[in-house]
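Source file: target-v2.cif (mmCIF, C-alpha atoms and all ligand atoms)
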data_query
loop_
_atom_site.label_atom_id
_atom_site.label_comp_id
_atom_site.auth_asym_id
_atom_site.auth_seq_id
_atom_site.Cartn_x
_atom_site.Cartn_y
_atom_site.Cartn_z
CA MET A 20 -117.64 -94.98 -198.74
CA SER A 21 -118.57 -96.92 -195.57
CA GLY A 22 -122.17 -98.07 -195.08
CA GLU A 23 -122.54 -95.80 -192.08
CA ARG A 24 -121.26 -92.71 -193.87
CA ARG A 25 -123.36 -93.56 -196.88
CA ALA A 26 -126.53 -93.87 -194.76
CA GLY A 27 -125.66 -90.60 -193.04
CA ARG A 28 -125.18 -88.89 -196.36
CA ASP A 29 -128.50 -90.25 -197.72
CA LEU A 30 -130.37 -88.95 -194.69
CA LEU A 31 -128.48 -85.69 -194.68
CA PHE A 32 -129.50 -84.83 -198.20
CA CYS A 33 -133.15 -85.86 -197.89
CA GLY A 34 -135.13 -82.70 -198.51
CA VAL A 35 -132.03 -80.46 -198.65
CA MET A 36 -131.74 -78.13 -201.65
CA ALA A 37 -129.67 -79.63 -204.42
CA GLN A 38 -126.69 -77.56 -205.52
CA LEU A 39 -126.19 -76.78 -209.17
CA LEU A 40 -122.82 -77.59 -210.74
CA ASP A 41 -122.12 -74.58 -212.92
CA GLY A 42 -120.35 -75.71 -216.08
CA VAL A 43 -120.14 -72.17 -217.45
CA ARG A 44 -118.22 -70.96 -214.39
CA VAL A 45 -115.78 -73.88 -214.53
CA ARG A 46 -115.37 -73.45 -218.29
CA ASP A 47 -114.40 -69.81 -217.77
CA GLU A 48 -111.89 -70.81 -215.08
CA ILE A 49 -110.29 -73.39 -217.38
CA LYS A 50 -110.14 -70.90 -220.26
CA ALA A 51 -108.52 -68.27 -218.04
CA GLU A 52 -105.88 -70.80 -216.95
CA LEU A 53 -104.99 -71.47 -220.59
CA ASP A 54 -104.07 -67.83 -221.29
CA GLY A 55 -100.52 -68.10 -219.93
CA ARG A 56 -99.82 -71.37 -221.74
CA ILE A 57 -101.07 -69.98 -225.06
CA GLY A 58 -99.00 -66.82 -224.54
CA ALA A 59 -95.86 -68.91 -223.89
CA LEU A 60 -96.50 -70.93 -227.07
CA GLN A 61 -96.97 -67.75 -229.09
CA ASN A 62 -93.78 -66.23 -227.67
CA HIS A 63 -91.51 -69.26 -227.94
CA PHE A 64 -93.04 -71.49 -230.63
CA ARG A 65 -96.13 -70.42 -232.56
CA THR A 66 -99.89 -70.01 -232.20
CA PRO A 67 -101.60 -73.35 -231.52
CA GLY A 68 -103.75 -74.53 -234.45
CA LEU A 69 -106.96 -76.56 -234.57
CA ALA A 70 -108.59 -77.88 -237.76
CA VAL A 71 -112.26 -78.85 -237.58
CA VAL A 72 -113.87 -80.99 -240.27
CA LEU A 73 -117.63 -80.55 -240.53
CA VAL A 74 -119.17 -82.84 -243.13
CA GLY A 75 -122.59 -81.95 -244.58
CA GLU A 76 -125.29 -79.84 -243.01
CA ASN A 77 -126.24 -81.44 -239.68
CA PRO A 78 -127.67 -78.42 -237.80
CA ALA A 79 -126.66 -79.66 -234.32
CA SER A 80 -123.09 -80.36 -235.51
CA ALA A 81 -122.95 -76.92 -237.16
CA ILE A 82 -123.82 -75.27 -233.81
CA TYR A 83 -121.21 -77.33 -231.92
CA VAL A 84 -118.53 -76.48 -234.48
CA ARG A 85 -119.43 -72.78 -234.44
CA ASN A 86 -119.00 -72.75 -230.65
CA LYS A 87 -115.65 -74.53 -230.88
CA VAL A 88 -114.35 -72.03 -233.45
CA LYS A 89 -115.66 -69.09 -231.41
CA THR A 90 -113.85 -70.36 -228.31
CA CYS A 91 -110.60 -70.69 -230.29
CA GLN A 92 -110.99 -67.07 -231.39
CA GLU A 93 -111.57 -65.91 -227.81
CA LEU A 94 -108.37 -67.66 -226.69
CA GLY A 95 -106.15 -66.70 -229.61
CA ILE A 96 -105.93 -70.24 -230.99
CA HIS A 97 -105.77 -70.47 -234.77
CA SER A 98 -108.72 -72.48 -236.11
CA GLU A 99 -109.98 -73.42 -239.51
CA THR A 100 -113.13 -75.23 -240.54
CA LEU A 101 -113.20 -77.53 -243.56
CA ALA A 102 -116.74 -78.23 -244.69
CA PRO A 103 -116.93 -80.90 -247.40
CA PRO A 104 -120.38 -81.86 -248.74
CA ALA A 105 -122.48 -84.68 -247.23
CA SER A 106 -121.81 -86.71 -250.41
CA ILE A 107 -118.07 -87.09 -249.62
CA CYS A 108 -116.74 -90.67 -249.68
CA THR A 109 -114.36 -92.32 -247.22
CA GLU A 110 -111.32 -92.05 -249.53
CA GLU A 111 -111.85 -88.33 -250.09
CA LEU A 112 -112.17 -87.71 -246.37
CA LEU A 113 -109.05 -89.79 -245.71
CA ALA A 114 -107.17 -87.62 -248.22
CA LEU A 115 -108.39 -84.50 -246.44
CA VAL A 116 -107.23 -85.83 -243.05
CA ASP A 117 -103.90 -86.83 -244.59
CA GLY A 118 -103.41 -83.25 -245.79
CA LEU A 119 -104.05 -81.93 -242.28
CA ASN A 120 -101.73 -84.55 -240.76
CA ARG A 121 -98.93 -83.14 -242.91
CA ARG A 122 -99.46 -79.49 -242.01
CA GLU A 123 -96.97 -78.37 -239.36
CA GLU A 124 -99.03 -75.47 -238.05
CA ILE A 125 -102.02 -77.71 -237.27
CA ASP A 126 -101.71 -79.26 -233.79
CA GLY A 127 -105.14 -80.84 -233.50
CA ILE A 128 -107.63 -82.34 -235.96
CA LEU A 129 -111.27 -82.81 -235.07
CA VAL A 130 -113.70 -84.61 -237.36
CA GLN A 131 -117.15 -83.77 -236.07
CA MET A 132 -119.37 -86.81 -235.51
CA PRO A 133 -121.72 -88.15 -236.74
CA LEU A 134 -120.51 -88.70 -240.30
CA PRO A 135 -122.85 -89.57 -243.20
CA PRO A 136 -123.67 -93.29 -243.46
CA GLN A 137 -121.53 -93.94 -246.58
CA VAL A 138 -118.38 -92.85 -244.71
CA ASP A 139 -116.40 -95.38 -242.68
CA ALA A 140 -116.09 -93.25 -239.53
CA LYS A 141 -113.71 -95.63 -237.82
CA ARG A 142 -111.21 -95.52 -240.70
CA VAL A 143 -111.38 -91.73 -240.73
CA LEU A 144 -110.82 -91.37 -236.97
CA ASP A 145 -107.99 -93.89 -237.03
CA ALA A 146 -106.32 -91.92 -239.84
CA ILE A 147 -105.77 -88.87 -237.62
CA LEU A 148 -102.18 -88.99 -236.33
CA PRO A 149 -102.21 -89.82 -232.61
CA ASP A 150 -100.19 -86.67 -231.90
CA LYS A 151 -102.98 -84.59 -233.50
CA ASP A 152 -105.85 -86.56 -231.95
CA VAL A 153 -107.48 -83.64 -230.16
CA ASP A 154 -110.67 -85.64 -229.40
CA GLY A 155 -108.80 -88.53 -227.77
CA PHE A 156 -110.69 -91.02 -229.98
CA HIS A 157 -107.71 -92.71 -231.66
CA PRO A 158 -106.95 -96.28 -230.46
CA VAL A 159 -103.51 -95.04 -229.27
CA SER A 160 -105.18 -92.37 -227.12
CA VAL A 161 -107.73 -94.88 -225.81
CA GLY A 162 -104.86 -97.20 -224.88
CA ASN A 163 -102.97 -94.37 -223.19
CA LEU A 164 -106.05 -93.53 -221.13
CA SER A 165 -106.50 -97.16 -220.20
CA ILE A 166 -102.98 -97.55 -218.79
CA GLY A 167 -102.72 -94.02 -217.39
CA ASN A 168 -100.15 -92.64 -219.85
CA PRO A 169 -100.30 -88.93 -220.68
CA GLY A 170 -102.07 -87.90 -223.87
CA PRO A 171 -105.27 -86.31 -225.09
CA ARG A 172 -108.41 -87.44 -223.27
CA ALA A 173 -111.99 -87.60 -224.60
CA CYS A 174 -113.28 -84.11 -223.88
CA THR A 175 -116.71 -84.70 -222.36
CA PRO A 176 -115.68 -87.24 -219.70
CA ALA A 177 -112.51 -85.23 -218.99
CA GLY A 178 -114.77 -82.22 -218.41
CA VAL A 179 -116.93 -84.21 -215.99
CA ILE A 180 -113.87 -85.17 -213.91
CA GLU A 181 -112.70 -81.53 -213.95
CA LEU A 182 -116.13 -80.38 -212.74
CA LEU A 183 -116.21 -82.91 -209.88
CA LYS A 184 -112.69 -82.00 -208.78
CA ARG A 185 -113.21 -78.25 -208.90
CA TYR A 186 -116.33 -78.62 -206.77
CA LYS A 187 -114.26 -80.84 -204.43
CA ILE A 188 -116.72 -83.70 -204.76
CA PRO A 189 -114.98 -86.86 -203.54
CA ILE A 190 -114.72 -89.64 -206.13
CA GLN A 191 -112.41 -92.10 -204.39
CA GLY A 192 -114.31 -95.04 -202.88
CA THR A 193 -117.70 -93.95 -204.20
CA ASP A 194 -120.07 -96.15 -206.17
CA ALA A 195 -120.21 -94.54 -209.61
CA VAL A 196 -122.73 -95.66 -212.21
CA VAL A 197 -122.34 -94.69 -215.86
CA VAL A 198 -125.44 -95.16 -217.99
CA GLY A 199 -124.35 -95.47 -221.63
CA ARG A 200 -121.38 -97.27 -223.16
CA SER A 201 -120.45 -95.08 -226.14
CA ASP A 202 -116.84 -94.73 -227.27
CA ILE A 203 -117.14 -90.95 -226.95
CA VAL A 204 -118.53 -90.71 -223.41
CA GLY A 205 -119.54 -93.89 -221.54
CA LYS A 206 -116.41 -96.01 -221.96
CA PRO A 207 -113.80 -93.27 -221.37
CA MET A 208 -115.91 -91.93 -218.48
CA ALA A 209 -115.82 -95.32 -216.80
CA MET A 210 -112.06 -95.57 -217.31
CA MET A 211 -111.44 -92.09 -215.85
CA LEU A 212 -113.59 -92.90 -212.80
CA ILE A 213 -111.61 -96.11 -212.28
CA HIS A 214 -108.41 -94.03 -212.30
CA GLU A 215 -109.98 -91.84 -209.61
CA SER A 216 -110.59 -95.00 -207.52
CA ALA A 217 -114.38 -95.11 -207.79
CA THR A 218 -116.14 -98.47 -207.93
CA VAL A 219 -117.63 -98.26 -211.40
CA THR A 220 -120.64 -99.95 -212.97
CA VAL A 221 -121.52 -99.36 -216.62
CA CYS A 222 -125.19 -99.79 -217.60
CA HIS A 223 -126.69 -100.00 -221.08
CA SER A 224 -129.85 -100.98 -222.94
CA LYS A 225 -129.52 -104.65 -221.92
CA THR A 226 -128.92 -104.00 -218.21
CA ARG A 227 -131.43 -106.10 -216.29
CA ASP A 228 -132.17 -103.93 -213.25
CA LEU A 229 -131.34 -100.40 -214.37
CA GLU A 230 -133.40 -98.82 -211.60
CA GLY A 231 -131.82 -100.92 -208.88
CA VAL A 232 -128.26 -100.33 -210.09
CA CYS A 233 -128.70 -96.56 -210.58
CA ALA A 234 -130.42 -96.19 -207.20
CA ARG A 235 -127.22 -97.37 -205.48
CA ALA A 236 -125.03 -94.76 -207.20
CA ASP A 237 -123.26 -92.07 -205.18
CA ILE A 238 -122.28 -90.56 -208.53
CA LEU A 239 -124.71 -91.14 -211.39
CA ILE A 240 -123.57 -90.24 -214.91
CA ALA A 241 -126.35 -90.24 -217.49
CA ALA A 242 -125.02 -90.55 -221.03
CA MET A 243 -127.40 -92.62 -223.09
CA GLY A 244 -129.13 -89.93 -225.17
CA ARG A 245 -132.76 -90.51 -224.15
CA PRO A 246 -134.75 -87.44 -223.12
CA ALA A 247 -135.52 -87.30 -219.38
CA PHE A 248 -135.36 -91.08 -219.17
CA LEU A 249 -133.97 -91.44 -215.63
CA ASP A 250 -136.28 -90.27 -212.83
CA ASP A 251 -136.82 -90.44 -209.06
CA ARG A 252 -136.60 -94.22 -209.12
CA HIS A 253 -133.03 -94.04 -210.44
CA VAL A 254 -131.65 -91.25 -208.25
CA LYS A 255 -130.61 -92.06 -204.70
CA PRO A 256 -131.31 -89.18 -202.30
CA GLY A 257 -128.07 -87.26 -201.94
CA ALA A 258 -126.50 -88.61 -205.14
CA VAL A 259 -124.33 -86.45 -207.38
CA VAL A 260 -126.02 -86.49 -210.78
CA ILE A 261 -124.11 -85.60 -213.93
CA ASP A 262 -126.34 -85.31 -216.96
CA VAL A 263 -124.42 -85.58 -220.22
CA GLY A 264 -127.60 -85.81 -222.33
CA MET A 265 -128.48 -83.08 -224.85
CA ASN A 266 -131.85 -83.95 -226.34
CA ARG A 267 -134.22 -81.74 -228.27
CA VAL A 268 -137.89 -81.94 -227.29
CA THR A 269 -140.42 -80.70 -229.85
CA ASP A 270 -143.60 -82.44 -228.70
CA GLN A 271 -146.04 -80.70 -226.31
CA ALA A 272 -147.13 -83.92 -224.58
CA GLU A 273 -143.49 -84.89 -224.01
CA ALA A 274 -142.78 -81.40 -222.64
CA LYS A 275 -145.73 -81.76 -220.22
CA ARG A 276 -144.26 -85.02 -218.93
CA ILE A 277 -140.83 -83.45 -218.45
CA TRP A 278 -141.89 -80.09 -216.97
CA PRO A 279 -145.30 -80.82 -215.39
CA GLY A 280 -147.21 -77.65 -214.53
CA ASP A 281 -144.43 -75.41 -215.88
CA ALA A 282 -146.35 -72.96 -218.06
CA ALA A 283 -143.22 -70.94 -218.82
CA LYS A 284 -141.49 -73.97 -220.35
CA LEU A 285 -144.51 -74.76 -222.52
CA ALA A 286 -144.64 -71.14 -223.67
CA GLN A 287 -140.91 -71.33 -224.51
CA LEU A 288 -141.53 -74.48 -226.52
CA GLY A 289 -144.32 -72.70 -228.41
CA ALA A 290 -142.06 -69.75 -229.15
CA LYS A 291 -138.85 -71.61 -230.03
CA GLY A 292 -140.22 -74.86 -231.47
CA SER A 293 -137.87 -76.99 -229.37
CA LEU A 294 -136.32 -77.21 -225.91
CA LEU A 295 -133.18 -78.90 -224.63
CA VAL A 296 -133.38 -81.58 -221.99
CA GLY A 297 -130.85 -84.03 -220.60
CA ASP A 298 -131.20 -87.74 -219.92
CA VAL A 299 -132.51 -87.17 -216.39
CA LEU A 300 -135.91 -85.74 -215.46
CA PRO A 301 -135.03 -82.22 -214.24
CA THR A 302 -137.41 -82.42 -211.25
CA SER A 303 -135.75 -85.64 -210.09
CA MET A 304 -132.33 -84.02 -210.07
CA ALA A 305 -133.56 -80.94 -208.25
CA SER A 306 -135.53 -82.85 -205.61
CA ARG A 307 -133.21 -85.79 -204.90
CA ALA A 308 -129.61 -84.98 -205.80
CA SER A 309 -127.04 -83.27 -203.57
CA PHE A 310 -125.31 -81.79 -206.64
CA TYR A 311 -126.42 -81.89 -210.27
CA THR A 312 -125.57 -80.46 -213.67
CA PRO A 313 -128.29 -78.48 -215.43
CA VAL A 314 -129.03 -78.88 -219.14
CA PRO A 315 -128.04 -76.63 -220.77
CA GLY A 316 -125.16 -75.06 -218.79
CA GLY A 317 -123.71 -78.12 -217.08
CA VAL A 318 -121.46 -80.53 -218.96
CA GLY A 319 -121.82 -78.94 -222.44
CA PRO A 320 -119.55 -75.92 -221.89
CA LEU A 321 -116.86 -78.17 -220.40
CA THR A 322 -116.53 -80.28 -223.52
CA ILE A 323 -115.32 -77.25 -225.45
CA ALA A 324 -113.05 -76.12 -222.61
CA MET A 325 -111.35 -79.53 -222.57
CA LEU A 326 -111.00 -79.43 -226.35
CA MET A 327 -109.01 -76.22 -225.88
CA VAL A 328 -106.93 -77.90 -223.14
CA ASN A 329 -106.17 -80.78 -225.52
CA THR A 330 -105.26 -78.41 -228.38
CA VAL A 331 -102.83 -76.51 -226.16
CA GLY A 332 -101.40 -79.76 -224.80
CA LEU A 333 -100.75 -81.07 -228.33
CA ALA A 334 -99.13 -77.77 -229.36
CA GLU A 335 -96.85 -77.98 -226.31
CA ALA A 336 -95.90 -81.54 -227.29
CA HIS A 337 -95.09 -80.30 -230.81
CA ALA A 338 -92.93 -77.55 -229.32
CA ARG A 339 -91.07 -80.16 -227.25
CA GLN A 340 -90.54 -82.27 -230.39
CA VAL A 341 -88.48 -79.43 -231.87
CA GLY A 342 -86.56 -78.86 -228.65
CA ILE A 343 -88.55 -75.94 -227.27
CA LEU A 344 -89.03 -76.35 -223.55
CA LEU A 345 -91.94 -74.45 -222.10
CA LYS A 346 -92.50 -74.20 -218.37
N1 LIG B 1 -120.03 -85.27 -231.79
C1 LIG B 1 -120.58 -85.15 -230.55
N2 LIG B 1 -119.63 -84.96 -229.62
C2 LIG B 1 -118.46 -84.94 -230.27
C3 LIG B 1 -117.12 -84.77 -229.84
O1 LIG B 1 -116.81 -84.61 -228.64
N3 LIG B 1 -116.18 -84.81 -230.82
C4 LIG B 1 -116.49 -85.02 -232.14
N4 LIG B 1 -115.51 -85.06 -233.02
N5 LIG B 1 -117.73 -85.18 -232.56
C5 LIG B 1 -118.70 -85.15 -231.63
#

Using the file provided, produce a representation of the structure as structure tokens.
Ligand code: GUN
Amino acid sequence: MSGERRAGRDLLFCGVMAQLLDGVRVRDEIKAELDGRIGALQNHFRTPGLAVVLVGENPASAIYVRNKVKTCQELGIHSETLAPPASICTEELLALVDGLNRREEIDGILVQMPLPPQVDAKRVLDAILPDKDVDGFHPVSVGNLSIGNPGPRACTPAGVIELLKRYKIPIQGTDAVVVGRSDIVGKPMAMMLIHESATVTVCHSKTRDLEGVCARADILIAAMGRPAFLDDRHVKPGAVVIDVGMNRVTDQAEAKRIWPGDAAKLAQLGAKGSLLVGDVLPTSMASRASFYTPVPGGVGPLTIAMLMVNTVGLAEAHARQVGILLK
């Protein structure tokens, strides 16, 4: 973006109402678009199949997995959940993945993260066959993303790109800043933004001038997992702010910092015991951004939608492998 246009855009958005990016609406659009593809698979091949491995009793993971399974049911995708105990060792989990790799009717395998500390998560993820790597975490998938080959993409960053495109937010030529360098979100997000011709900076805990770097971002992606950590100082007026964070707040004093003067939020915290907040202070997004994703209801729903897209894509690839050509 030229300096002049950028300055114009900054001024333009000063004091103008920020627009919410509705992840639920986009999720529903994506799901509706999958109907025809799933129908074609069912008619000419078979029902797509997703296996989800949920180790132990992590309550947050259990909720995520429940939502993934529910979405499969809504779309007519076969899903099954395997729930080994938290005491499982690496070799046992590898054997379980191997069994799923061999099953023809399973197109995608998802091992929900995080895994218990005694399990070598990297070995387990690498054991999933690349053509069943529905999360896009396998080194082959990461390589394919890097060089622009087709293949499954990490769901959360793929969902962010989908959201920006469907809202017709320009990416090409913008300064995009990704805060967080995880394998699941930060790194693939940066790679996808590069492919969209943004100028990308990745920040992390050792970044020297986080405020200064973020404050230059046309598109700011917050994905470091720290509750309401980025604030007015990090958000340029008129920036597009994508908040990938999903943090649970249980402390009253912390809630007062995040939602100052918001009695309803404090009452909700009292009633529920916890509230969700992203990585960006909600008031900073609302007062400074041109577009922003709410938490909840922004990026979260898209992760599941893109998981469904990946499952269907893998099933189509399996159909092609046996000579079935779908439109
Ligand atoms: N844990 C948090 N996000 C994810 C995800 O996208 N996939 C898996 N497998 N585990 C996760």

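CA of Gly192 (chain A) is found 26.6 Å from CA of Gly297 (chain A).
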
- Task: Check which residues fall inside 10 Å of ligand LIG 1 (chain B) when counting only C-alpha atoms and all ligand atoms, and print them as number ranges by chain.
- Result: A: 71-73, 79-80, 83-84, 128-134, 144, 152-156, 173-176, 203-204, 265, 319, 322-323, 325-326

- Message: Is it possible to get the residues within 9 Å of (-108.4, -92.5, -226.3) (coordinates as in the file, counting only C-alpha atoms) written as a list in words?
- Response: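 Using only C-alpha atoms, the matching residues come out as Asp152, Asp154, Gly155, Phe156, His157, Pro158, Val159, Ser160, Val161, Gly162, Asn163, Leu164, Ser165, Gly170, Pro171, Arg172, Ala173, Asp202, Ile203 and Pro207 of chain A.
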
- Item | Nearest candidate to Asp270 (chain A) (options A:Gly257, A:Pro301, A:Gly244, A:Gly292; using only C-alpha atoms) |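 So, comparing all the options, the nearest one is A:Gly292.
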
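Comparing A:Val35, A:Ala272, A:Cys233, A:Met211 by their smallest distance to Ala177 (chain A), the closest is A:Met211 (using only C-alpha atoms).
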
- Item | Spatial neighbours of Ala217 (chain A), 7 Å, all atoms listed in the file, chain gap at least 2 places, as a ChimeraX atom specification | /A:190-195,212-213,215,219

- Item | Atom pair CA of Pro256 (chain A) / CA of Ala241 (chain A): separation (Å) | 16.0 Å

- Task: For Asp41 (chain A), list every protein, DNA or RNA residue within 10 Å, evaluated using only C-alpha atoms, and leave out those in the same chain fewer than 3 positions away; present the list as a ChimeraX atom specification.
- Result: /A:38,44-46,182,186,311-313,316-318,320-321

- Query: Between A:Ala59, A:Leu94, A:Ile180, A:Ala258, which has the minimum distance to Asp47 (chain A) (counting all atoms listed in the file)?
  - Reply: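 Between A:Ala59, A:Leu94, A:Ile180, A:Ala258, the residue approaching Asp47 (chain A) most closely is A:Leu94.
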
- Task: Give me the residues within 10 Å of Ala274 (chain A) as a ChimeraX atom specification, counting only C-alpha atoms and dropping any in the same chain fewer than 4 places off.
- Result: /A:247,268-270,278-281,284-285,288,293-294,296

- Determine the nearest neighbour of Ala236 (chain A) from the options A:Val198, A:Cys222, A:Val254, A:His337, counting only C-alpha atoms.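 Nearest candidate to Ala236 (chain A) out of A:Val198, A:Cys222, A:Val254, A:His337: A:Val254.
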
- Task: Fewer than 5 positions away in the same chain doesn't count, so skip those; otherwise give me all residues within 9 Å of region 87-93 of chain A, counting all atoms listed in the file, as a count of residues only.
- Result: 12

- Computed interatomic separation between CA of Ala37 (chain A) and CA of Ser224 (chain A) (Å):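 One can read the CA of Ala37 (chain A) to CA of Ser224 (chain A) distance as 28.3 Å.
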
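Counting all atoms listed in the file, the residue from A:His214, A:His63, A:Lys255, A:Arg235 that sits nearest to Val196 (chain A) is A:Arg235.
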
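In this comparison, which uses all atoms listed in the file, the residue of A:Val138, A:Val263, A:Leu101, A:Ala70 approaching Leu113 (chain A) most closely is A:Val138.
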
- Query: In file coordinates, which residues lie within 10 Å of (-133.0, -89.6, -213.4) using only C-alpha atoms, given as number ranges by chain?
  - Reply: A: 230, 233-234, 239-241, 247-255, 260-262, 297-304, 307-308
